[in-house]
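Student: Coordinates in final07.txt, compact mmCIF, C-alpha atoms and all ligand atoms, are listed below.
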# COMPACT_ATOMS: atom_id res chain seq x y z
CA VAL A 1 -23.06 -9.64 -0.99
CA ALA A 2 -22.20 -6.47 0.91
CA PRO A 3 -20.25 -3.87 -1.05
CA SER A 4 -16.90 -2.46 0.11
CA PRO A 5 -17.10 0.39 2.64
CA THR A 6 -17.90 3.78 1.11
CA ASP A 7 -14.75 5.46 -0.20
CA PRO A 8 -13.37 8.00 2.26
CA VAL A 9 -11.80 11.37 1.44
CA LEU A 10 -8.06 10.65 1.75
CA ASP A 11 -5.77 13.60 1.08
CA ASP A 12 -2.65 14.79 2.95
CA GLY A 13 -2.01 17.86 0.81
CA VAL A 14 0.62 16.03 -1.30
CA VAL A 15 -1.28 12.97 -2.49
CA SER A 16 -4.98 12.43 -2.90
CA LEU A 17 -6.65 9.02 -3.26
CA ARG A 18 -9.74 8.42 -5.38
CA ALA A 19 -11.52 5.63 -7.26
CA TRP A 20 -10.35 4.84 -10.80
CA GLU A 21 -12.26 6.38 -13.69
CA GLU A 22 -12.55 5.34 -17.36
CA SER A 23 -10.45 8.35 -18.34
CA ASP A 24 -7.48 6.92 -16.36
CA ALA A 25 -6.93 4.04 -18.83
CA ALA A 26 -4.09 5.73 -20.73
CA ALA A 27 -2.29 6.77 -17.54
CA ILE A 28 -2.58 3.25 -16.08
CA ALA A 29 -1.28 1.70 -19.30
CA ALA A 30 1.66 4.13 -19.45
CA ALA A 31 2.58 3.37 -15.83
CA CYS A 32 2.09 -0.41 -15.92
CA ASP A 33 3.94 -1.01 -19.19
CA ASP A 34 7.10 -0.92 -17.12
CA PRO A 35 9.79 -3.57 -16.52
CA GLU A 36 9.98 -2.92 -12.78
CA ILE A 37 6.24 -3.47 -12.31
CA ALA A 38 6.28 -6.53 -14.62
CA ARG A 39 9.23 -8.03 -12.76
CA TRP A 40 7.73 -7.87 -9.27
CA LEU A 41 3.99 -8.05 -10.02
CA ASP A 42 4.03 -11.10 -12.26
CA MET A 43 0.20 -11.30 -12.42
CA ILE A 44 0.08 -7.93 -14.24
CA PRO A 45 0.06 -8.30 -18.08
CA SER A 46 3.28 -7.47 -19.93
CA PRO A 47 3.31 -5.73 -22.36
CA TYR A 48 0.45 -3.73 -20.81
CA THR A 49 -2.10 -2.11 -23.13
CA VAL A 50 -4.89 0.46 -22.78
CA ASP A 51 -7.34 -2.45 -23.16
CA ASP A 52 -5.71 -4.16 -20.16
CA ALA A 53 -6.25 -0.92 -18.24
CA ARG A 54 -9.91 -0.76 -19.26
CA ILE A 55 -10.42 -4.33 -18.03
CA TYR A 56 -8.67 -3.44 -14.79
CA ILE A 57 -10.90 -0.39 -14.24
CA GLU A 58 -13.98 -2.59 -14.71
CA GLN A 59 -12.56 -5.09 -12.22
CA THR A 60 -12.07 -2.34 -9.65
CA LYS A 61 -15.80 -1.58 -9.93
CA SER A 62 -16.92 -5.20 -9.52
CA GLY A 63 -14.42 -5.62 -6.67
CA ARG A 64 -16.06 -2.72 -4.83
CA ALA A 65 -19.60 -3.87 -5.62
CA GLU A 66 -18.83 -7.37 -4.32
CA GLY A 67 -17.01 -6.13 -1.23
CA ARG A 68 -13.70 -7.75 -2.19
CA THR A 69 -11.47 -4.72 -2.73
CA SER A 70 -11.20 -0.94 -2.52
CA PRO A 71 -8.73 0.11 -5.23
CA PHE A 72 -7.53 3.72 -5.38
CA ALA A 73 -5.57 5.90 -7.77
CA ILE A 74 -2.80 7.82 -6.00
CA THR A 75 -2.94 11.28 -7.53
CA ASP A 76 -0.94 14.48 -7.11
CA ALA A 77 -3.04 16.58 -4.72
CA GLU A 78 -2.23 19.75 -6.71
CA THR A 79 -2.22 18.68 -10.35
CA GLY A 80 -4.44 15.60 -10.20
CA ALA A 81 -1.87 13.57 -12.16
CA VAL A 82 -1.94 9.80 -11.58
CA LEU A 83 1.16 8.81 -9.58
CA GLY A 84 0.36 5.21 -8.69
CA ALA A 85 -2.10 2.77 -7.20
CA VAL A 86 -2.91 1.35 -3.81
CA ASP A 87 -5.62 -1.15 -3.00
CA VAL A 88 -7.14 -2.75 0.05
CA HIS A 89 -8.28 -6.36 -0.13
CA TRP A 90 -10.95 -7.13 2.44
CA ILE A 91 -9.56 -10.63 3.01
CA ASP A 92 -11.29 -11.34 6.34
CA PRO A 93 -13.76 -8.63 7.39
CA GLU A 94 -15.18 -10.83 10.15
CA GLN A 95 -11.75 -11.05 11.78
CA LYS A 96 -11.05 -7.42 10.84
CA VAL A 97 -8.05 -8.30 8.69
CA ALA A 98 -7.28 -6.53 5.40
CA GLU A 99 -4.32 -6.53 3.00
CA ILE A 100 -2.83 -3.80 0.82
CA GLY A 101 -0.82 -3.72 -2.39
CA TYR A 102 0.68 -0.88 -4.45
CA TRP A 103 2.72 0.34 -7.38
CA ALA A 104 4.07 3.73 -8.42
CA ALA A 105 4.57 5.09 -11.93
CA SER A 106 8.34 5.17 -12.61
CA GLN A 107 8.46 8.99 -12.77
CA ALA A 108 6.74 9.23 -9.36
CA ARG A 109 9.12 6.91 -7.47
CA GLY A 110 11.66 8.09 -4.93
CA ARG A 111 9.44 10.79 -3.41
CA GLY A 112 7.63 8.74 -0.79
CA VAL A 113 4.22 9.12 -2.42
CA VAL A 114 3.33 5.46 -1.92
CA THR A 115 4.35 5.66 1.75
CA ARG A 116 1.98 8.64 2.09
CA ALA A 117 -0.82 6.70 0.41
CA VAL A 118 -0.27 3.69 2.68
CA ARG A 119 -0.39 5.94 5.77
CA LEU A 120 -3.65 7.49 4.61
CA LEU A 121 -5.20 4.08 3.95
CA ALA A 122 -3.98 2.70 7.27
CA GLY A 123 -5.65 5.61 9.06
CA TRP A 124 -8.92 4.77 7.38
CA VAL A 125 -8.85 0.96 7.73
CA LEU A 126 -7.40 0.74 11.28
CA GLY A 127 -8.85 4.04 12.48
CA GLU A 128 -12.31 4.87 11.13
CA LEU A 129 -13.22 1.30 10.15
CA GLY A 130 -11.76 -0.25 13.31
CA PHE A 131 -9.90 -3.09 11.60
CA GLU A 132 -7.34 -4.87 13.78
CA ARG A 133 -4.71 -5.89 11.25
CA LEU A 134 -3.51 -4.49 7.93
CA GLN A 135 -1.01 -6.74 6.20
CA LEU A 136 1.08 -6.70 3.06
CA ARG A 137 3.28 -9.17 1.24
CA ALA A 138 6.34 -8.30 -0.81
CA ASP A 139 9.07 -10.36 -2.44
CA THR A 140 11.89 -10.39 0.13
CA LEU A 141 14.22 -9.09 -2.64
CA ASN A 142 11.94 -6.12 -3.46
CA GLU A 143 13.81 -3.61 -1.33
CA PRO A 144 11.82 -0.46 -2.29
CA SER A 145 8.58 -2.23 -1.43
CA CYS A 146 9.89 -3.50 1.91
CA ARG A 147 11.14 0.03 2.67
CA VAL A 148 7.67 1.47 2.01
CA ALA A 149 6.21 -0.99 4.54
CA GLU A 150 8.83 -0.15 7.14
CA ARG A 151 8.50 3.63 6.65
CA ALA A 152 4.75 3.34 7.07
CA GLY A 153 5.34 1.67 10.45
CA PHE A 154 4.72 -1.98 9.55
CA THR A 155 6.46 -4.78 11.44
CA ARG A 156 7.84 -7.77 9.58
CA ASP A 157 5.99 -10.84 10.85
CA GLY A 158 8.14 -13.32 8.99
CA THR A 159 8.72 -14.98 5.65
CA LEU A 160 6.51 -17.20 3.50
CA ARG A 161 9.17 -19.34 1.87
CA SER A 162 8.86 -20.58 -1.73
CA VAL A 163 5.27 -19.34 -1.88
CA ARG A 164 5.04 -18.58 -5.60
CA TYR A 165 6.79 -19.19 -8.91
CA ASN A 166 7.62 -15.91 -10.63
CA ALA A 167 7.96 -16.88 -14.29
CA ARG A 168 9.36 -13.47 -15.21
CA GLN A 169 12.27 -14.02 -12.85
CA SER A 170 12.40 -17.81 -13.40
CA ARG A 171 12.53 -18.52 -9.69
CA ARG A 172 10.38 -19.40 -6.74
CA ILE A 173 10.02 -16.37 -4.50
CA ASP A 174 9.75 -15.78 -0.77
CA PHE A 175 7.23 -13.25 0.50
CA ALA A 176 8.07 -10.99 3.43
CA VAL A 177 4.85 -10.57 5.43
CA TYR A 178 4.37 -7.22 7.15
CA SER A 179 1.58 -6.08 9.45
CA LEU A 180 0.34 -2.91 11.06
CA LEU A 181 -2.08 -3.31 13.97
CA ARG A 182 -4.82 -0.96 15.16
CA GLY A 183 -3.15 1.81 17.18
CA GLU A 184 0.24 1.41 15.49
CA GLN A 185 -0.42 3.89 12.64
CA VAL A 186 2.43 6.44 12.24
C1 LIG B 201 7.65 -0.33 -4.45
C2 LIG B 201 7.34 1.05 -5.00
C3 LIG B 201 5.84 1.27 -5.01
C4 LIG B 201 8.00 2.08 -4.08
O1 LIG B 201 7.84 3.34 -4.70
P1 LIG B 201 8.26 4.72 -3.96
O2 LIG B 201 7.26 5.13 -2.99
O3 LIG B 201 8.60 5.68 -5.02
O4 LIG B 201 9.51 4.29 -3.14
P2 LIG B 201 10.98 4.94 -3.23
O5 LIG B 201 11.50 4.90 -4.62
O6 LIG B 201 10.90 6.23 -2.52
O7 LIG B 201 11.78 3.93 -2.40
C5 LIG B 201 11.35 3.57 -1.10
C6 LIG B 201 12.59 3.21 -0.33
O8 LIG B 201 13.29 2.17 -1.01
C7 LIG B 201 14.63 2.58 -1.22
N1 LIG B 201 15.06 2.01 -2.48
C8 LIG B 201 14.71 2.40 -3.72
N2 LIG B 201 15.30 1.62 -4.63
C9 LIG B 201 16.07 0.75 -3.95
C10 LIG B 201 16.93 -0.31 -4.31
N3 LIG B 201 17.11 -0.65 -5.59
N4 LIG B 201 17.55 -1.02 -3.33
C11 LIG B 201 17.35 -0.69 -2.02
N5 LIG B 201 16.54 0.29 -1.62
C12 LIG B 201 15.91 0.99 -2.57
C13 LIG B 201 14.59 4.07 -1.24
O9 LIG B 201 15.86 4.60 -0.89
C14 LIG B 201 13.55 4.37 -0.21
O10 LIG B 201 14.08 4.21 1.07
P3 LIG B 201 14.12 5.48 2.06
O11 LIG B 201 12.67 5.89 2.19
O12 LIG B 201 14.68 4.93 3.29
O13 LIG B 201 14.97 6.48 1.37
C15 LIG B 201 7.92 1.24 -6.43
O14 LIG B 201 9.27 0.96 -6.42
C16 LIG B 201 7.21 0.36 -7.47
O15 LIG B 201 6.18 0.70 -8.01
N6 LIG B 201 7.81 -0.81 -7.79
C17 LIG B 201 7.23 -1.71 -8.80
C18 LIG B 201 5.93 -2.36 -8.32
C19 LIG B 201 6.10 -3.05 -6.99
O16 LIG B 201 7.14 -3.66 -6.72
N7 LIG B 201 5.08 -2.96 -6.14
C20 LIG B 201 5.10 -3.58 -4.84
C21 LIG B 201 4.83 -5.04 -4.92
S1 LIG B 201 4.82 -5.77 -3.28
Spell out the structure here as structure tokens.
Ligand SMILES: CC(C)(COP(=O)(O)OP(=O)(O)OC[C@H]1O[C@@H](n2cnc3c(N)ncnc32)[C@H](O)[C@@H]1OP(=O)(O)O)[C@@H](O)C(=O)NCCC(=O)NCCS
Tutor:
Amino acid sequence: VAPSPTDPVLDDGVVSLRAWEESDAAAIAAACDDPEIARWLDMIPSPYTVDDARIYIEQTKSGRAEGRTSPFAITDAETGAVLGAVDVHWIDPEQKVAEIGYWAASQARGRGVVTRAVRLLAGWVLGELGFERLQLRADTLNEPSCRVAERAGFTRDGTLRSVRYNARQSRRIDFAVYSLLRGEQV
């Protein structure tokens, strides 16, 4: 198997993206043990422990080695503090289609840091790497997530109705599908 593309330097002076390191386990656990993340990202363990974070960090390494994902920590460009996460899933490299996902630590929300991270990643995937389509899926009721997509220039393609059962919300959810095409980066 081919590994994921080599990690780029992605920094806009406010946020800086880098691979996860073992020493991030406590910061990941603190951020992910959060009701808002548990509610929307129902595949993430809840409660979330440092051991869960260690497992996750290992998975980010195998995901890179196997060419499935490129997961990044979103850090404060000045202090280095972990603010959130953004990852690219190389869902169809042959067709040049990739997908992103993200979360922010509660104390880092409301400052547009995830939007900045998405813009940086889009520039890499659709620019340098020449992918044609970057997509993301968000619960149609997850307004902050949909706003991040829109602010980063994504267009809503449509809705995947009743696509998943979210046990934490005891309902079947609809995913809004958003895409950004090569040349549309803002
Ligand atoms: C989605 C998430 C990453 C956005 O974090 P963020 O970058 O800090 O985003 P903000 O808090 O700045 O909010 C983004 C937009 O949503 C708006 N927003 C925030 N809370 C809102 C709410 N409850 N209802 C409607 N809009 C809301 C903000 O006003 C902002 O819009 P603006 O840019 O037009 O002002 C963050 O909320 C999060 O981690 N949520 C939990 C995990 C998650 O849902 N991940 C995405 C799964 S698809």
Student: Within 8 Å of (-0.8, 4.0, -7.2) (coordinates as in the file), grab all the protein and nucleic acid residues, counting all atoms listed in the file, and write them out as a list of chain:residue names.
Tutor: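 Every residue inside that radius is included here: A:Phe72, A:Ala73, A:Ile74, A:Thr75, A:Val82, A:Leu83, A:Gly84, A:Ala85, A:Val86, A:Tyr102, A:Trp103, A:Ala104, A:Ala105, A:Val114.
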Student: Which residues are near Ala176 (chain A)? Cut-off 9 Å, all atoms listed in the file, ignore same chain within fewer than 2 positions. Put them as a ChimeraX atom specification.
Tutor: /A:136-141,146,156-161,174,178
Student: Could you report the residues within 7 Å of ligand LIG 201 (chain B), using only C-alpha atoms and all ligand atoms, as a list of chain:residue names?
Tutor: A:Glu36, A:Ile37, A:Trp40, A:Leu41, A:Gly101, A:Tyr102, A:Trp103, A:Ala104, A:Ala105, A:Ser106, A:Ala108, A:Arg109, A:Gly110, A:Arg111, A:Gly112, A:Val113, A:Val114, A:Thr115, A:Arg137, A:Ala138, A:Asp139, A:Asn142, A:Glu143, A:Pro144, A:Ser145, A:Arg147, A:Val148, A:Arg151
Student: With 7 Å as the threshold, what does the neighbourhood of (1.1, 4.7, 6.5) contain in terms of residues, counting all atoms listed in the file? Coordinates are those of the file; answer as an mmCIF file with C-alpha atoms, in the coordinates of the input.
Tutor:
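Generated file (part_2.cif):
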data_model
loop_
_atom_site.group_PDB
_atom_site.id
_atom_site.type_symbol
_atom_site.label_atom_id
_atom_site.label_comp_id
_atom_site.auth_asym_id
_atom_site.auth_seq_id
_atom_site.Cartn_x
_atom_site.Cartn_y
_atom_site.Cartn_z
ATOM 1 C CA THR A 115 4.350 5.660 1.750
ATOM 2 C CA ARG A 116 1.980 8.640 2.090
ATOM 3 C CA ALA A 117 -0.820 6.700 0.410
ATOM 4 C CA VAL A 118 -0.270 3.690 2.680
ATOM 5 C CA ARG A 119 -0.390 5.940 5.770
ATOM 6 C CA LEU A 120 -3.650 7.490 4.610
ATOM 7 C CA LEU A 121 -5.200 4.080 3.950
ATOM 8 C CA ALA A 122 -3.980 2.700 7.270
ATOM 9 C CA ALA A 152 4.750 3.340 7.070
ATOM 10 C CA GLY A 153 5.340 1.670 10.450
ATOM 11 C CA GLN A 185 -0.420 3.890 12.640
ATOM 12 C CA VAL A 186 2.430 6.440 12.240
#
Student: Go ahead and compute the interatomic distance for CA of Arg133 (chain A) and CA of Ser162 (chain A), in Å to one decimal.
Tutor: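 These two atoms are separated by 23.8 Å.
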Student: I'd like the contact shell of Glu128 (chain A) - 12 Å cut-off, all atoms listed in the file, skipping same-chain residues fewer than 2 positions apart - returned as number ranges by chain.
Tutor: A: 5-10, 120-126, 130-132, 182-183
Student: Return the single residue from A:Leu134, A:Gln59, A:Pro47, A:Thr155 that is closest to His89 (chain A), with distances computed using only C-alpha atoms.
Tutor: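 The answer is A:Leu134, which sits nearest to His89 (chain A).
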Student: In Å to one decimal, how far is CA of Gly127 (chain A) from CA of Asp12 (chain A)?
Tutor: 15.6 Å
Student: Out of A:Val1, A:Val163, A:Val15, A:Met43, which residue has the shortest atom-to-atom distance to Glu78 (chain A) when counting all atoms listed in the file?
Tutor: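 For Glu78 (chain A), the nearest of the given residues is A:Val15.
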Student: With all atoms listed in the file as the basis for distance, which of A:Leu180, A:Val50, A:Ile55, A:Ala19 is at the shortest distance from Cys32 (chain A)?
Tutor: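 Answer, going by the shortest atom-to-atom distance: A:Val50.
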Student: Please report, as AutoDock Vina command-line options, the centre and edge lengths in Å to one decimal of an axis-aligned box covering all listed atoms of region 121-133 of chain A with 4 Å per side.
Tutor:
--center_x -8.6 --center_y -0.1 --center_z 8.9 --size_x 17.2 --size_y 19.5 --size_z 17.8
Student: What does the structure give for the distance between CA of Arg171 (chain A) and CA of Ile44 (chain A), in Å to one decimal?
Tutor: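 CA of Ile44 (chain A) lies at a distance of 17.0 Å from CA of Arg171 (chain A).
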Student: Return the single residue from A:Phe154, A:Trp90, A:Tyr165, A:Trp20 that is closest to Val177 (chain A), with distances computed using all atoms listed in the file.
Tutor: A:Phe154
Student: For Asp52 (chain A), which residue out of A:Ala29, A:Ala98, A:Ala81, A:Leu129 is the nearest one, using all atoms listed in the file?
Tutor: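 Closest to Asp52 (chain A) of all the choices is A:Ala29.
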Student: Which of these residues is nearest to Thr49 (chain A), using all atoms listed in the file: A:Ala30, A:Ser16, A:Ile100, A:Ala2?
Tutor: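 Going through A:Ala30, A:Ser16, A:Ile100, A:Ala2 one by one, the smallest distance to Thr49 (chain A) is for A:Ala30.
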Student: Set the distance at 7 Å and use all atoms listed in the file: which residues neighbour Thr69 (chain A) once local chain neighbours fewer than 2 positions away are removed? I'd like the list as a CSV table (one decimal) with C-alpha atoms, in the frame of the given file.
Tutor:
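out05.csv, freshly written:
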chain,number,residue,atom,x,y,z
A,4,SER,CA,-16.9,-2.5,0.1
A,63,GLY,CA,-14.4,-5.6,-6.7
A,64,ARG,CA,-16.1,-2.7,-4.8
A,67,GLY,CA,-17.0,-6.1,-1.2
A,71,PRO,CA,-8.7,0.1,-5.2
A,87,ASP,CA,-5.6,-1.2,-3.0
A,88,VAL,CA,-7.1,-2.8,0.0
A,89,HIS,CA,-8.3,-6.4,-0.1
A,90,TRP,CA,-11.0,-7.1,2.4
Student: Using the block above, I'd like region 41-122 of chain A written out, keeping C-alpha atoms and formatting it as an mmCIF file, in the first residue's frame.
Tutor:
data_model
loop_
_atom_site.group_PDB
_atom_site.id
_atom_site.type_symbol
_atom_site.label_atom_id
_atom_site.label_comp_id
_atom_site.auth_asym_id
_atom_site.auth_seq_id
_atom_site.Cartn_x
_atom_site.Cartn_y
_atom_site.Cartn_z
ATOM 1 C CA LEU A 41 -19.529 12.590 16.602
ATOM 2 C CA ASP A 42 -21.241 9.489 17.924
ATOM 3 C CA MET A 43 -18.346 7.181 16.913
ATOM 4 C CA ILE A 44 -16.036 8.967 19.397
ATOM 5 C CA PRO A 45 -15.926 7.247 22.839
ATOM 6 C CA SER A 46 -17.798 8.942 25.694
ATOM 7 C CA PRO A 47 -16.553 9.344 28.382
ATOM 8 C CA TYR A 48 -13.211 9.865 26.617
ATOM 9 C CA THR A 49 -10.018 8.825 28.419
ATOM 10 C CA VAL A 50 -6.284 9.361 27.919
ATOM 11 C CA ASP A 51 -6.108 5.695 26.836
ATOM 12 C CA ASP A 52 -8.683 6.424 24.120
ATOM 13 C CA ALA A 53 -6.439 9.275 22.985
ATOM 14 C CA ARG A 54 -3.372 7.017 22.906
ATOM 15 C CA ILE A 55 -5.265 4.522 20.739
ATOM 16 C CA TYR A 56 -6.360 7.358 18.469
ATOM 17 C CA ILE A 57 -2.785 8.632 18.073
ATOM 18 C CA GLU A 58 -1.674 5.114 17.062
ATOM 19 C CA GLN A 59 -4.531 4.950 14.552
ATOM 20 C CA THR A 60 -3.441 8.244 13.005
ATOM 21 C CA LYS A 61 -0.025 6.666 12.372
ATOM 22 C CA SER A 62 -1.398 3.499 10.762
ATOM 23 C CA GLY A 63 -3.853 5.608 8.754
ATOM 24 C CA ARG A 64 -0.939 7.572 7.301
ATOM 25 C CA ALA A 65 1.202 4.485 6.716
ATOM 26 C CA GLU A 66 -1.653 2.764 4.867
ATOM 27 C CA GLY A 67 -2.575 5.846 2.846
ATOM 28 C CA ARG A 68 -6.092 6.081 4.292
ATOM 29 C CA THR A 69 -5.942 9.367 6.194
ATOM 30 C CA SER A 70 -3.857 12.425 7.016
ATOM 31 C CA PRO A 71 -4.928 13.552 10.506
ATOM 32 C CA PHE A 72 -3.645 16.853 11.889
ATOM 33 C CA ALA A 73 -3.647 18.674 15.204
ATOM 34 C CA ILE A 74 -4.791 22.286 14.849
ATOM 35 C CA THR A 75 -2.436 24.231 17.089
ATOM 36 C CA ASP A 76 -2.083 27.879 18.077
ATOM 37 C CA ALA A 77 0.660 29.207 15.775
ATOM 38 C CA GLU A 78 2.129 31.274 18.635
ATOM 39 C CA THR A 79 1.770 29.121 21.739
ATOM 40 C CA GLY A 80 1.609 25.652 20.186
ATOM 41 C CA ALA A 81 -1.494 24.802 22.248
ATOM 42 C CA VAL A 82 -3.793 22.150 20.753
ATOM 43 C CA LEU A 83 -7.002 23.847 19.553
ATOM 44 C CA GLY A 84 -8.651 21.050 17.608
ATOM 45 C CA ALA A 85 -8.344 18.430 14.914
ATOM 46 C CA VAL A 86 -8.859 18.191 11.189
ATOM 47 C CA ASP A 87 -8.322 15.135 9.037
ATOM 48 C CA VAL A 88 -8.361 14.247 5.379
ATOM 49 C CA HIS A 89 -9.671 10.846 4.318
ATOM 50 C CA TRP A 90 -8.254 9.777 0.974
ATOM 51 C CA ILE A 91 -11.539 8.125 -0.013
ATOM 52 C CA ASP A 92 -10.896 7.885 -3.774
ATOM 53 C CA PRO A 93 -7.380 8.964 -4.791
ATOM 54 C CA GLU A 94 -7.833 7.571 -8.302
ATOM 55 C CA GLN A 95 -10.800 9.883 -8.866
ATOM 56 C CA LYS A 96 -9.050 12.637 -6.892
ATOM 57 C CA VAL A 97 -11.770 12.816 -4.244
ATOM 58 C CA ALA A 98 -11.015 13.330 -0.544
ATOM 59 C CA GLU A 99 -13.144 14.052 2.533
ATOM 60 C CA ILE A 100 -12.461 16.100 5.660
ATOM 61 C CA GLY A 101 -13.722 16.055 9.225
ATOM 62 C CA TYR A 102 -12.994 18.237 12.273
ATOM 63 C CA TRP A 103 -13.603 19.172 15.880
ATOM 64 C CA ALA A 104 -12.505 22.063 18.072
ATOM 65 C CA ALA A 105 -11.768 22.048 21.804
ATOM 66 C CA SER A 106 -14.624 23.911 23.543
ATOM 67 C CA GLN A 107 -12.370 26.779 24.676
ATOM 68 C CA ALA A 108 -11.146 27.290 21.086
ATOM 69 C CA ARG A 109 -14.596 27.565 19.456
ATOM 70 C CA GLY A 110 -16.077 30.778 18.137
ATOM 71 C CA ARG A 111 -12.805 32.163 16.756
ATOM 72 C CA GLY A 112 -12.854 30.614 13.306
ATOM 73 C CA VAL A 113 -9.804 28.431 13.913
ATOM 74 C CA VAL A 114 -11.399 25.384 12.284
ATOM 75 C CA THR A 115 -12.373 27.457 9.238
ATOM 76 C CA ARG A 116 -8.718 28.527 8.976
ATOM 77 C CA ALA A 117 -7.562 24.919 9.227
ATOM 78 C CA VAL A 118 -10.034 23.809 6.541
ATOM 79 C CA ARG A 119 -8.815 26.589 4.214
ATOM 80 C CA LEU A 120 -5.202 25.530 4.723
ATOM 81 C CA LEU A 121 -6.024 21.881 4.031
ATOM 82 C CA ALA A 122 -8.105 22.755 0.973
#
